[in-house]
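work03.txt (compact mmCIF, C-alpha atoms and all ligand atoms) appears below.
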# COMPACT_ATOMS: atom_id res chain seq x y z
CA MET T 1 2.39 -28.81 -6.48
CA ASP T 2 4.04 -26.59 -8.99
CA PHE T 3 2.42 -25.06 -12.00
CA ILE T 4 5.56 -23.32 -13.09
CA ASP T 5 7.33 -25.36 -15.73
CA ASN T 6 10.39 -23.06 -15.87
CA LYS T 7 10.09 -22.68 -19.59
CA GLU T 8 11.43 -19.48 -21.09
CA SER T 9 8.89 -16.74 -20.61
CA LYS T 10 8.61 -13.90 -23.07
CA PHE T 11 7.04 -11.77 -20.36
CA LYS T 12 9.92 -12.39 -17.99
CA GLU T 13 12.31 -11.04 -20.63
CA ILE T 14 10.18 -7.93 -21.04
CA LEU T 15 10.19 -7.33 -17.28
CA LEU T 16 13.96 -7.80 -17.01
CA ASN T 17 14.53 -5.10 -19.61
CA VAL T 18 12.18 -2.64 -17.94
CA LYS T 19 13.85 -3.23 -14.56
CA GLU T 20 16.92 -1.50 -16.03
CA GLU T 21 15.00 1.75 -16.55
CA GLU T 22 15.20 4.65 -14.13
CA ARG T 23 12.26 4.76 -11.73
CA LEU T 24 10.23 7.85 -10.96
CA GLY T 25 11.21 9.66 -7.76
CA MET T 26 7.50 10.04 -7.02
CA HIS T 27 7.31 6.35 -6.12
CA SER T 28 9.34 7.28 -3.02
CA PHE T 29 6.93 9.99 -1.86
CA HIS T 30 6.03 7.94 1.22
CA ARG T 31 7.41 4.76 2.72
CA TYR T 32 5.08 1.84 2.12
CA TYR T 33 5.83 -1.79 2.75
CA GLY T 34 4.72 -4.38 0.25
CA LYS T 35 5.00 -1.97 -2.68
CA LEU T 36 5.13 -3.37 -6.19
CA ILE T 37 8.34 -2.67 -8.02
CA PRO T 38 7.27 -0.04 -10.58
CA ALA T 39 8.82 -2.07 -13.40
CA ILE T 40 5.99 -4.63 -13.13
CA PRO T 41 3.12 -2.27 -13.98
CA ARG T 42 5.32 -0.31 -16.38
CA ALA T 43 6.31 -3.37 -18.40
CA PHE T 44 2.84 -4.83 -18.73
CA ILE T 45 0.91 -1.60 -19.15
CA ARG T 46 3.15 -0.94 -22.16
CA GLU T 47 2.85 -4.50 -23.41
CA PHE T 48 -0.91 -4.95 -23.08
CA THR T 49 -2.46 -1.48 -23.44
CA LYS T 50 -2.28 1.70 -25.47
CA VAL T 51 -2.55 5.39 -24.60
CA GLY T 52 -6.04 6.24 -23.32
CA ASP T 53 -6.86 2.67 -22.20
CA LEU T 54 -8.16 1.87 -18.72
CA VAL T 55 -6.06 0.03 -16.09
CA PHE T 56 -7.43 -1.35 -12.79
CA ASP T 57 -5.74 -2.33 -9.52
CA PRO T 58 -8.09 -3.78 -6.84
CA PHE T 59 -5.38 -3.43 -4.14
CA SER T 60 -3.93 -0.14 -5.18
CA GLY T 61 -1.95 0.53 -1.96
CA SER T 62 0.42 3.46 -2.29
CA GLY T 63 -0.47 3.82 -5.97
CA THR T 64 2.42 2.22 -7.86
CA THR T 65 0.18 0.94 -10.66
CA ALA T 66 -1.83 4.18 -10.55
CA LEU T 67 1.27 6.33 -11.00
CA GLU T 68 2.75 4.22 -13.78
CA SER T 69 -0.62 4.22 -15.58
CA ARG T 70 -0.79 7.96 -15.39
CA PHE T 71 2.82 8.45 -16.43
CA LEU T 72 2.13 6.29 -19.49
CA ASP T 73 -1.09 8.23 -20.21
CA ARG T 74 -3.51 5.44 -19.37
CA ASN T 75 -6.68 6.03 -17.35
CA PHE T 76 -6.81 4.25 -14.02
CA ILE T 77 -9.25 2.96 -11.43
CA GLY T 78 -8.13 1.53 -8.12
CA VAL T 79 -9.63 0.27 -4.87
CA GLU T 80 -7.90 0.45 -1.51
CA ILE T 81 -9.21 -0.07 2.02
CA ASN T 82 -6.72 2.09 3.92
CA PRO T 83 -7.63 5.81 3.79
CA LEU T 84 -4.00 6.83 4.31
CA SER T 85 -2.95 4.78 1.27
CA VAL T 86 -5.73 6.40 -0.74
CA LEU T 87 -4.41 9.82 0.27
CA ILE T 88 -0.82 8.94 -0.68
CA SER T 89 -1.81 7.50 -4.04
CA LYS T 90 -4.04 10.47 -4.87
CA ILE T 91 -1.20 12.86 -4.17
CA LYS T 92 1.08 10.88 -6.49
CA THR T 93 -1.43 11.06 -9.32
CA ASN T 94 -2.97 14.54 -9.08
CA ASN T 95 -2.01 17.21 -11.57
CA TYR T 96 -0.34 19.98 -9.57
CA SER T 97 1.03 23.32 -10.63
CA VAL T 98 4.67 23.24 -9.55
CA GLU T 99 4.70 27.00 -9.45
CA MET T 100 1.73 27.01 -7.07
CA LEU T 101 3.34 24.38 -4.86
CA LYS T 102 6.47 26.50 -4.62
CA ARG T 103 4.50 29.59 -3.66
CA ILE T 104 2.61 27.64 -1.00
CA GLN T 105 5.88 26.20 0.23
CA ASP T 106 7.44 29.64 0.75
CA LYS T 107 4.36 30.98 2.49
CA LEU T 108 4.05 27.94 4.73
CA LEU T 109 7.68 28.04 5.82
CA GLN T 110 7.28 31.72 6.66
CA LEU T 111 4.11 31.06 8.67
CA ILE T 112 5.75 28.22 10.60
CA ASP T 113 8.71 30.42 11.38
CA GLU T 114 6.49 33.18 12.71
CA ASP T 115 4.15 30.92 14.67
CA LYS T 116 5.08 31.47 18.31
CA GLU T 117 1.69 30.67 19.77
CA GLU T 118 1.56 28.01 22.45
CA VAL T 119 0.41 24.54 21.39
CA LYS T 120 -2.66 23.51 23.38
CA ALA T 121 -3.09 19.95 24.62
CA GLU T 122 -6.27 19.49 22.58
CA GLU T 123 -4.41 20.27 19.36
CA ILE T 124 -2.24 17.17 19.73
CA PRO T 125 -3.75 14.09 18.07
CA PHE T 126 -4.51 10.91 19.99
CA VAL T 127 -1.71 8.42 19.45
CA ILE T 128 -1.61 5.27 21.46
CA ASN T 129 1.38 5.64 23.87
CA ARG T 130 2.05 9.04 22.35
CA ASP T 131 4.82 10.07 24.75
CA HIS T 132 6.62 6.80 24.13
CA TRP T 133 6.72 7.50 20.39
CA PHE T 134 7.21 11.25 20.22
CA LYS T 135 9.29 13.67 22.25
CA ASP T 136 7.41 16.70 23.61
CA PHE T 137 9.03 19.20 21.28
CA VAL T 138 8.37 16.90 18.28
CA GLN T 139 4.67 16.76 19.16
CA ARG T 140 4.55 20.56 19.38
CA ASP T 141 6.47 21.13 16.14
CA LEU T 142 4.30 18.67 14.20
CA VAL T 143 1.20 20.54 15.41
CA ILE T 144 2.69 23.90 14.41
CA ILE T 145 3.39 22.65 10.89
CA ARG T 146 -0.08 21.15 10.51
CA ARG T 147 -2.01 24.14 11.83
CA ASN T 148 -0.57 26.44 9.19
CA PHE T 149 -1.56 24.39 6.12
CA ASP T 150 -4.97 26.02 5.63
CA LYS T 151 -3.62 29.54 5.96
CA ALA T 152 -0.75 28.91 3.53
CA VAL T 153 -3.05 27.46 0.88
CA ASP T 154 -5.81 30.06 1.50
CA GLU T 155 -3.37 32.78 0.58
CA PHE T 156 -3.39 31.63 -3.07
CA ILE T 157 -6.38 29.37 -3.68
CA ASP T 158 -10.05 29.86 -2.91
CA ASP T 159 -11.64 27.38 -5.29
CA GLY T 160 -12.22 23.62 -5.42
CA ASN T 161 -8.48 22.97 -5.75
CA LYS T 162 -7.77 23.99 -2.18
CA GLU T 163 -8.25 20.53 -0.71
CA LYS T 164 -5.91 18.97 -3.25
CA TYR T 165 -3.06 21.26 -2.16
CA ILE T 166 -3.77 20.81 1.56
CA ASP T 167 -3.72 17.04 1.01
CA PHE T 168 -0.31 17.36 -0.60
CA LEU T 169 1.03 19.04 2.54
CA ILE T 170 -0.64 16.47 4.79
CA ALA T 171 0.97 13.65 2.79
CA VAL T 172 4.40 15.30 3.17
CA LEU T 173 3.81 15.60 6.91
CA SER T 174 2.85 11.93 7.02
CA ALA T 175 6.03 11.07 5.12
CA ILE T 176 8.18 12.49 7.95
CA VAL T 177 6.22 11.27 10.98
CA LYS T 178 8.24 8.11 11.50
CA GLN T 179 11.50 9.88 10.81
CA VAL T 180 10.97 12.37 13.66
CA SER T 181 9.50 9.81 16.07
CA ASN T 182 11.48 7.66 18.49
CA ALA T 183 10.91 4.59 16.32
CA ASP T 184 13.80 3.04 14.46
CA THR T 185 13.38 3.92 10.78
CA MET T 186 15.40 0.83 9.85
CA HIS T 187 12.58 -1.35 11.18
CA VAL T 188 9.42 -2.11 9.24
CA PHE T 189 7.16 -2.05 12.30
CA PRO T 190 7.34 0.86 14.75
CA GLY T 191 9.61 -0.09 17.61
CA ILE T 192 12.31 1.46 19.76
CA SER T 193 15.33 -0.72 19.14
CA LYS T 194 18.48 -1.27 21.16
CA ARG T 195 20.30 0.67 18.49
CA MET T 196 18.04 3.69 19.05
CA ARG T 197 18.44 3.49 22.82
CA ARG T 198 22.21 3.40 22.46
CA LEU T 199 22.28 6.35 20.05
CA GLU T 200 19.95 8.24 22.39
CA SER T 201 22.19 7.64 25.41
CA GLU T 202 25.22 8.77 23.42
CA GLY T 203 23.36 11.95 22.46
CA LYS T 204 23.59 11.07 18.78
CA ILE T 205 19.95 11.51 17.90
CA LYS T 206 19.32 14.97 16.59
CA ILE T 207 15.77 15.58 15.52
CA ASN T 208 14.85 18.80 13.80
CA VAL T 209 11.22 18.59 12.77
CA PHE T 210 11.05 21.87 10.82
CA ASP T 211 14.22 21.10 8.85
CA THR T 212 13.08 17.56 8.09
CA PHE T 213 9.74 18.87 6.85
CA ARG T 214 11.33 21.63 4.77
CA ARG T 215 13.65 19.17 3.01
CA ALA T 216 10.88 16.63 2.49
CA LEU T 217 8.59 19.24 0.92
CA LYS T 218 11.26 20.54 -1.45
CA LYS T 219 12.14 17.04 -2.62
CA ARG T 220 8.53 16.09 -3.25
CA ILE T 221 7.85 19.20 -5.29
CA GLN T 222 10.73 18.03 -7.51
CA PHE T 223 9.02 14.65 -7.85
CA VAL T 224 5.91 16.43 -9.15
CA GLU T 225 8.01 18.26 -11.71
CA GLN T 226 9.49 14.98 -12.98
CA VAL T 227 6.10 13.31 -13.47
CA GLY T 228 4.73 16.28 -15.41
CA LYS T 229 1.10 16.90 -16.39
CA HIS T 230 -1.01 14.11 -17.86
CA ASP T 231 -4.44 14.47 -19.33
CA VAL T 232 -5.95 11.20 -18.15
CA SER T 233 -8.33 10.28 -15.36
CA THR T 234 -7.21 8.50 -12.18
CA ASN T 235 -9.92 7.36 -9.81
CA ILE T 236 -8.82 5.75 -6.56
CA MET T 237 -11.79 4.53 -4.54
CA LEU T 238 -11.78 3.94 -0.80
CA GLY T 239 -13.40 0.57 -0.16
CA ASP T 240 -13.24 -3.18 0.12
CA SER T 241 -12.41 -4.68 -3.24
CA ALA T 242 -14.33 -7.87 -2.43
CA ASN T 243 -17.58 -5.96 -2.01
CA ILE T 244 -17.36 -2.63 -3.82
CA ASP T 245 -19.83 -1.98 -6.64
CA LEU T 246 -17.92 -1.72 -9.92
CA SER T 247 -20.88 -2.28 -12.24
CA GLN T 248 -20.31 1.07 -13.98
CA TYR T 249 -16.99 -0.33 -15.24
CA SER T 250 -18.34 -3.62 -16.62
CA ASP T 251 -16.43 -4.61 -19.78
CA LYS T 252 -14.51 -1.31 -19.76
CA VAL T 253 -11.10 -2.29 -18.37
CA ASP T 254 -8.14 -3.12 -20.64
CA LEU T 255 -5.76 -4.49 -18.02
CA VAL T 256 -5.64 -5.43 -14.33
CA VAL T 257 -2.25 -5.24 -12.59
CA THR T 258 -2.12 -6.00 -8.88
CA ASN T 259 -0.38 -7.57 -5.92
CA PRO T 260 -2.92 -8.79 -3.39
CA PRO T 261 -2.16 -9.15 0.32
CA TYR T 262 -0.47 -12.35 1.44
CA ILE T 263 -2.30 -14.90 3.55
CA SER T 264 -2.22 -14.53 7.30
CA SER T 265 0.81 -12.46 8.12
CA VAL T 266 -0.57 -9.22 6.86
CA ARG T 267 0.27 -6.34 9.15
CA TYR T 268 0.00 -3.50 6.69
CA ALA T 269 -1.82 -1.26 9.16
CA GLU T 270 0.85 -1.76 11.79
CA THR T 271 3.60 -0.59 9.45
CA LEU T 272 1.75 2.74 9.23
CA LYS T 273 0.52 2.92 12.83
CA LEU T 274 2.22 6.18 13.82
CA GLU T 275 1.12 7.97 10.65
CA LEU T 276 -2.46 6.66 10.90
CA TYR T 277 -2.78 8.07 14.41
CA TRP T 278 -0.91 11.30 13.83
CA LEU T 279 -3.00 12.19 10.79
CA GLU T 280 -6.15 11.20 12.71
CA VAL T 281 -7.12 8.64 10.10
CA THR T 282 -7.63 6.42 13.13
CA LYS T 283 -8.76 8.42 16.15
CA SER T 284 -8.92 5.64 18.73
CA SER T 285 -7.55 2.16 19.25
CA SER T 286 -10.85 0.66 18.13
CA ASP T 287 -10.70 2.69 14.88
CA TYR T 288 -7.23 1.31 14.35
CA MET T 289 -8.24 -2.28 15.08
CA ASN T 290 -11.26 -2.01 12.79
CA LEU T 291 -9.08 -0.89 9.91
CA SER T 292 -6.52 -3.57 10.59
CA ASN T 293 -9.20 -6.29 10.80
CA SER T 294 -10.89 -5.21 7.58
CA MET T 295 -7.87 -6.15 5.48
CA ILE T 296 -7.86 -9.31 3.42
CA GLY T 297 -5.49 -11.88 4.85
CA ASN T 298 -5.63 -10.63 8.44
CA ASP T 299 -5.61 -13.17 11.24
CA HIS T 300 -7.46 -11.33 14.00
CA ILE T 301 -10.21 -13.87 14.39
CA ALA T 302 -12.31 -14.46 17.49
CA LYS T 303 -12.10 -17.99 18.93
CA LYS T 304 -15.84 -18.54 18.60
CA ASP T 305 -15.61 -17.92 14.85
CA CYS T 306 -13.10 -20.72 14.32
CA ILE T 307 -14.92 -23.59 15.98
CA GLU T 308 -16.85 -24.77 12.96
CA LEU T 309 -15.11 -25.96 9.83
CA GLN T 310 -16.04 -23.62 6.99
CA LEU T 311 -15.48 -24.73 3.42
CA THR T 312 -15.48 -23.01 0.04
CA LYS T 313 -17.13 -24.41 -3.08
CA TYR T 314 -13.72 -25.51 -4.39
CA ASP T 315 -12.44 -28.94 -3.35
CA PHE T 316 -8.86 -28.01 -4.28
CA VAL T 317 -8.98 -25.20 -1.68
CA ASN T 318 -10.93 -27.26 0.87
CA ASP T 319 -8.19 -29.91 0.94
CA TYR T 320 -5.88 -27.30 2.48
CA ILE T 321 -8.54 -25.91 4.81
CA LYS T 322 -9.32 -29.40 6.16
CA GLN T 323 -5.66 -30.25 6.61
CA MET T 324 -5.16 -26.99 8.50
CA TYR T 325 -8.28 -27.49 10.62
CA GLU T 326 -6.72 -30.64 12.08
CA ILE T 327 -3.81 -28.68 13.50
CA ASP T 328 -4.98 -25.09 13.85
CA LYS T 329 -8.65 -24.08 13.66
CA LYS T 330 -7.90 -20.38 13.54
CA GLN T 331 -5.55 -20.69 10.57
CA ALA T 332 -8.17 -22.86 8.81
CA LYS T 333 -10.56 -19.92 9.14
CA VAL T 334 -7.87 -17.53 7.88
CA LEU T 335 -7.54 -19.70 4.76
CA TYR T 336 -11.29 -19.89 4.31
CA ASP T 337 -11.67 -16.10 4.58
CA TYR T 338 -8.75 -15.43 2.29
CA PHE T 339 -9.88 -17.63 -0.58
CA SER T 340 -13.55 -16.66 -0.23
CA LEU T 341 -12.71 -12.96 -0.43
CA MET T 342 -10.16 -13.40 -3.21
CA GLU T 343 -12.75 -15.33 -5.20
CA LYS T 344 -15.02 -12.28 -5.01
CA VAL T 345 -12.21 -9.99 -6.17
CA ILE T 346 -11.40 -12.32 -9.09
CA ILE T 347 -15.06 -12.32 -10.15
CA LYS T 348 -15.13 -8.50 -10.03
CA ALA T 349 -11.94 -8.28 -12.07
CA GLN T 350 -13.44 -10.65 -14.63
CA GLN T 351 -16.59 -8.52 -14.86
CA VAL T 352 -14.79 -5.24 -15.45
CA LEU T 353 -12.28 -6.60 -17.98
CA LYS T 354 -13.05 -6.59 -21.69
CA SER T 355 -12.88 -10.07 -23.16
CA GLY T 356 -9.45 -11.16 -24.36
CA LYS T 357 -7.77 -8.73 -21.93
CA LYS T 358 -5.23 -9.67 -19.26
CA LEU T 359 -4.87 -9.73 -15.52
CA VAL T 360 -1.30 -9.64 -14.20
CA MET T 361 -0.79 -10.56 -10.56
CA LYS T 362 2.24 -10.78 -8.34
CA ILE T 363 1.64 -13.23 -5.51
CA SER T 364 3.69 -15.45 -3.31
CA ASP T 365 2.97 -18.84 -1.81
CA SER T 366 2.84 -19.06 1.98
CA LYS T 367 3.78 -21.62 4.55
CA ILE T 368 1.43 -21.76 7.51
CA ARG T 369 1.99 -24.23 10.34
CA LYS T 370 4.46 -26.03 8.07
CA ILE T 371 1.82 -26.51 5.37
CA LYS T 372 2.79 -24.97 2.07
CA ILE T 373 -0.13 -23.11 0.54
CA PRO T 374 0.36 -22.70 -3.22
CA THR T 375 -1.57 -19.43 -3.29
CA GLY T 376 -0.85 -18.56 -6.93
CA TYR T 377 -1.85 -22.00 -8.12
CA LEU T 378 -5.07 -22.04 -6.08
CA LEU T 379 -6.06 -18.55 -7.20
CA THR T 380 -5.40 -19.62 -10.79
CA LYS T 381 -7.72 -22.62 -10.39
CA ILE T 382 -10.39 -20.30 -8.94
CA ALA T 383 -9.83 -17.89 -11.85
CA GLU T 384 -10.21 -20.74 -14.34
CA GLU T 385 -13.61 -21.56 -12.84
CA ASN T 386 -14.61 -17.93 -13.23
CA GLY T 387 -13.96 -17.05 -16.85
CA PHE T 388 -10.17 -16.77 -17.04
CA LYS T 389 -7.48 -18.88 -18.67
CA LEU T 390 -3.85 -19.07 -17.59
CA ILE T 391 -1.45 -17.57 -20.13
CA ASP T 392 1.91 -17.52 -18.38
CA VAL T 393 3.58 -17.65 -14.98
CA PHE T 394 7.15 -17.18 -13.84
CA ASN T 395 9.17 -16.69 -10.65
CA ASP T 396 10.47 -13.27 -9.85
CA LYS T 397 13.11 -12.58 -7.26
CA ILE T 398 11.55 -11.85 -3.91
CA ASN T 399 11.40 -8.23 -2.97
CA GLU T 400 13.28 -7.90 0.34
CA ASN T 401 10.90 -5.18 1.28
CA SER T 402 7.93 -7.54 1.33
CA ARG T 403 9.86 -10.36 2.94
CA SER T 404 10.50 -8.14 5.96
CA LEU T 405 6.75 -7.79 6.46
CA LEU T 406 6.60 -11.36 7.59
CA THR T 407 8.89 -11.50 10.55
CA SER T 408 9.39 -14.08 13.22
CA ARG T 409 6.71 -12.61 15.46
CA ASN T 410 4.33 -14.94 13.70
CA THR T 411 5.44 -18.34 14.85
CA TYR T 412 2.98 -20.18 12.66
CA SER T 413 3.69 -18.35 9.50
CA ASP T 414 6.89 -19.16 7.78
CA ILE T 415 8.37 -16.61 5.45
CA ILE T 416 6.96 -16.28 2.02
CA LEU T 417 8.81 -18.47 -0.42
CA GLU T 418 9.04 -16.71 -3.74
CA ASP T 419 7.13 -14.25 -5.82
CA ASN T 420 5.23 -15.50 -8.82
CA ILE T 421 3.99 -13.30 -11.60
CA ILE T 422 0.89 -14.80 -13.12
CA PHE T 423 -0.93 -13.85 -16.32
CA TRP T 424 -4.58 -14.69 -16.90
CA GLU T 425 -6.74 -13.74 -19.84
CA LYS T 426 -10.49 -13.19 -19.81
CA LYS T 427 -12.08 -15.82 -22.04
C1 LIG A 501 0.54 -5.81 -1.29
S1 LIG A 501 -0.26 -4.32 -0.91
C2 LIG A 501 -0.40 -3.53 -2.47
C3 LIG A 501 0.68 -2.51 -2.65
C4 LIG A 501 0.57 -1.68 -3.93
N1 LIG A 501 0.64 -2.50 -5.12
C5 LIG A 501 1.68 -0.65 -3.94
O1 LIG A 501 2.56 -0.72 -4.77
O2 LIG A 501 1.66 0.20 -3.06
C6 LIG A 501 -1.88 -4.86 -0.61
C7 LIG A 501 -2.84 -3.74 -0.31
O3 LIG A 501 -4.14 -4.29 -0.19
C8 LIG A 501 -4.86 -3.46 0.71
N2 LIG A 501 -6.05 -4.21 1.12
C9 LIG A 501 -6.16 -5.19 2.02
N3 LIG A 501 -7.42 -5.65 2.08
C10 LIG A 501 -8.14 -4.95 1.17
C11 LIG A 501 -9.50 -4.96 0.74
N4 LIG A 501 -10.38 -5.79 1.30
N5 LIG A 501 -9.88 -4.11 -0.22
C12 LIG A 501 -9.00 -3.24 -0.78
N6 LIG A 501 -7.69 -3.17 -0.41
C13 LIG A 501 -7.27 -4.02 0.55
C14 LIG A 501 -3.84 -3.15 1.81
O4 LIG A 501 -4.18 -1.98 2.52
C15 LIG A 501 -2.57 -2.98 0.99
O5 LIG A 501 -2.36 -1.63 0.67
What is this file in structure tokens?
Amino acid sequence: MDFIDNKESKFKEILLNVKEEERLGMHSFHRYYGKLIPAIPRAFIREFTKVGDLVFDPFSGSGTTALESRFLDRNFIGVEINPLSVLISKIKTNNYSVEMLKRIQDKLLQLIDEDKEEVKAEEIPFVINRDHWFKDFVQRDLVIIRRNFDKAVDEFIDDGNKEKYIDFLIAVLSAIVKQVSNADTMHVFPGISKRMRRLESEGKIKINVFDTFRRALKKRIQFVEQVGKHDVSTNIMLGDSANIDLSQYSDKVDLVVTNPPYISSVRYAETLKLELYWLEVTKSSSDYMNLSNSMIGNDHIAKKDCIELQLTKYDFVNDYIKQMYEIDKKQAKVLYDYFSLMEKVIIKAQQVLKSGKKLVMKISDSKIRKIKIPTGYLLTKIAEENGFKLIDVFNDKINENSRSLLTSRNTYSDIILEDNIIFWEKK
């Protein structure tokens, strides 16, 4: 079932041209798997909105759409369920004084250098299998860096801006956590690879936490300088986009640009496991599991919840759910959950958009238990039943970064097939 007719797409041309442009360094503030390529929001924010308009991303992740909106002087609202992602995207879109950041940087580096006090056990965050992931001296050095943030910022700021600057430092610390851990940075999911073990045994792993932090901080202050100041509002809300109350934005949004999670193989939380624990966003394994299980597309489903066949109000979706139920009850429930929640998000997007305005979505089809699920097509049919019409759709080359999210550990879930960029318009 293919709703792409391979005709020439004007929008594809526009995107190809924008892909040639230089991207902002700020997009690389923090590693984040499943990121949108910045050219997608950039191209269509320019095409469909003007300065001062309002852009919305219901899965705002690390803030790619948020940052591009801000850079192009558009207001932005976003929703994201992972508090660490909210932190990262806020940092990318705050107005900072570069001069102030530099002063804080100098003070902080001095404080770290002078801090000779012993690190107490209770200062070290809970990380599942902590000693497996972090060497003793790395744990101590990370604590020393973190415990000087308040003092460094206090030296210069005593008003409401204090938190914003501390958050910047926390985000930089988060950005280096994986780099100074024992995990292989070449791998998407934390793991100690053969390669790392070999390098370790040959004495080739040299970790210097303070140096890594110092370099990371300097580079990120340069990113802030490049983005510059922008007089627009960026509001990134922590929450579940299927259920959050957006009534205050009804008929106020000029464009939605988003890439929702894929069905089933979503392991976004796992890619950030070490950072989530080290920053104490998740303070226990149950905190971590709760976050992971709250994400759309996750497949942590209890057996008892899969026994009964659950169907949506759409026959075109139910056909796939029923087919799946015959071979795998759990995956049938994953499909049911995914399309039910995405329906809610589509309805919310429709409510906040002004009429005649567009929603641009990057999504890929999935193959689960050898059944191809045409996700983009099914979401389009749902959108058409909820006040949208399809304007255009084309294939974009798959981003290797997102392909690697879906690795062989999931036996049932084949790799994603291709990325589609879909354009709907509110009727
Ligand atoms: C494909 S990523 C989006 C990445 C983003 N466009 C970027 O460039 O960083 C999907 C995001 O949806 C988030 N997410 C999953 N379930 C959610 C929900 N129910 N509500 C809000 N966000 C959710 C995940 O945490 C993840 O960051």
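Between ligand LIG 501 (chain A) and the candidates T:Pro190, T:Gly239, T:Gly387, T:Gly160, the tightest atom-to-atom separation, counting only C-alpha atoms and all ligand atoms, involves T:Gly239.
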Using only C-alpha atoms and all ligand atoms, tabulate the residues of chain T lying at most 8 Å from any atom of ligand LIG 501 (chain A), each with its closest atom pair and that distance in Å to one decimal, by chain and increasing residue number, as a tab-separated table.
residue	atom	partner	partner_atom	distance
T:Tyr32	CA	A:LIG501	O2	6.4
T:Tyr33	CA	A:LIG501	O2	7.4
T:Gly34	CA	A:LIG501	C1	4.7
T:Lys35	CA	A:LIG501	O1	3.4
T:Leu36	CA	A:LIG501	O1	4.0
T:Ile37	CA	A:LIG501	O1	6.9
T:Pro38	CA	A:LIG501	O1	7.5
T:Asp57	CA	A:LIG501	N1	7.8
T:Pro58	CA	A:LIG501	C12	6.2
T:Phe59	CA	A:LIG501	O3	4.2
T:Ser60	CA	A:LIG501	C4	4.9
T:Gly61	CA	A:LIG501	O5	3.4
T:Ser62	CA	A:LIG501	O2	3.6
T:Gly63	CA	A:LIG501	O2	5.1
T:Thr64	CA	A:LIG501	O1	4.3
T:Thr65	CA	A:LIG501	N1	6.5
T:Val79	CA	A:LIG501	C12	5.4
T:Glu80	CA	A:LIG501	N6	3.8
T:Ile81	CA	A:LIG501	N6	4.2
T:Asn82	CA	A:LIG501	O4	5.0
T:Ser85	CA	A:LIG501	O5	6.5
T:Leu238	CA	A:LIG501	C12	7.7
T:Gly239	CA	A:LIG501	C12	5.9
T:Asp240	CA	A:LIG501	N5	3.5
T:Ser241	CA	A:LIG501	N5	4.0
T:Ala242	CA	A:LIG501	N4	5.8
T:Asn243	CA	A:LIG501	N4	7.9
T:Thr258	CA	A:LIG501	N1	5.8
T:Asn259	CA	A:LIG501	C1	5.0
T:Pro260	CA	A:LIG501	C6	4.9
T:Pro261	CA	A:LIG501	C6	4.4
T:Tyr262	CA	A:LIG501	C1	7.2
T:Tyr268	CA	A:LIG501	O4	6.1
T:Ala269	CA	A:LIG501	O4	7.1
T:Ser294	CA	A:LIG501	N4	6.3
T:Met295	CA	A:LIG501	N3	3.5
T:Ile296	CA	A:LIG501	N3	3.9
T:Gly297	CA	A:LIG501	N3	7.1
T:Leu341	CA	A:LIG501	N4	7.7
- prompt: If you measure from atom CA of Glu425 of chain T to atom CA of Lys358 of chain T, what distance in Å do you get, rounded to one decimal?
  reply: 4.4 Å
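One distance worth recording is that between atom CA of Lys322 of chain T and atom CA of Ile347 of chain T, which is 24.3 Å.
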List the spatial neighbours of Phe394 of chain T as a JSON list (two decimals) with C-alpha atoms, keeping the file's coordinate frame - criterion: any atom at most 8 Å away, all atoms listed in the file, same-chain residues fewer than 3 positions off excluded.
[["chain", "number", "residue", "atom", "x", "y", "z"],
["T", 4, "ILE", "CA", 5.56, -23.32, -13.09],
["T", 6, "ASN", "CA", 10.39, -23.06, -15.87],
["T", 9, "SER", "CA", 8.89, -16.74, -20.61],
["T", 12, "LYS", "CA", 9.92, -12.39, -17.99],
["T", 420, "ASN", "CA", 5.23, -15.50, -8.82],
["T", 421, "ILE", "CA", 3.99, -13.30, -11.60],
["T", 422, "ILE", "CA", 0.89, -14.80, -13.12]]
field: Selected residue of minimal separation from Arg31 of chain T among T:Asp287, T:Glu68, T:Asp396, T:Glu275, counting all atoms listed in the file
entry: T:Glu275
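Distance-wise, atom CA of Asn298 of chain T and atom CA of Gln331 of chain T end up 10.3 Å apart.
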message: Residues within 10 Å of segment 151-159 of chain T, please, as number ranges by chain. Count only C-alpha atoms; anything in the same chain fewer than 5 positions from it doesn't count.
response: T: 100-101, 103-112, 164-166, 169
Selected residue of minimal separation from Asn148 of chain T among T:Glu343, T:Glu22, T:Asp113, T:Glu47, counting only C-alpha atoms: T:Asp113
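Minimum atom-to-atom distance to Lys116 of chain T, evaluated using all atoms listed in the file, belongs to T:Ile144 out of T:Ile207, T:Ile144, T:Ile236, T:Val180.
Minimum atom-to-atom distances from T:Phe388, T:Lys206, T:Phe339, T:Met237 to Val86 of chain T were compared using only C-alpha atoms, and the lowest value belongs to T:Met237.
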Nearest to Ala216 of chain T, chosen from T:Ser174, T:Ser233, T:Ser285, T:Asn182, with only C-alpha atoms counted in the distances: T:Ser174
task: Excluding Leu16 of chain T and residues on its chain fewer than 6 positions from it, collect all residues at most 10 Å away from it, counting all atoms listed in the file, and give them as a list in words.
output: Ala39, Ile40, Ala43 and Asp396 of chain T
message: Applying 7 Å and all atoms listed in the file, which residues near Val224 of chain T remain after dropping the ones on its own chain fewer than 3 positions away? List them as a ChimeraX atom specification.
response: /T:26,98,220-221,227-228
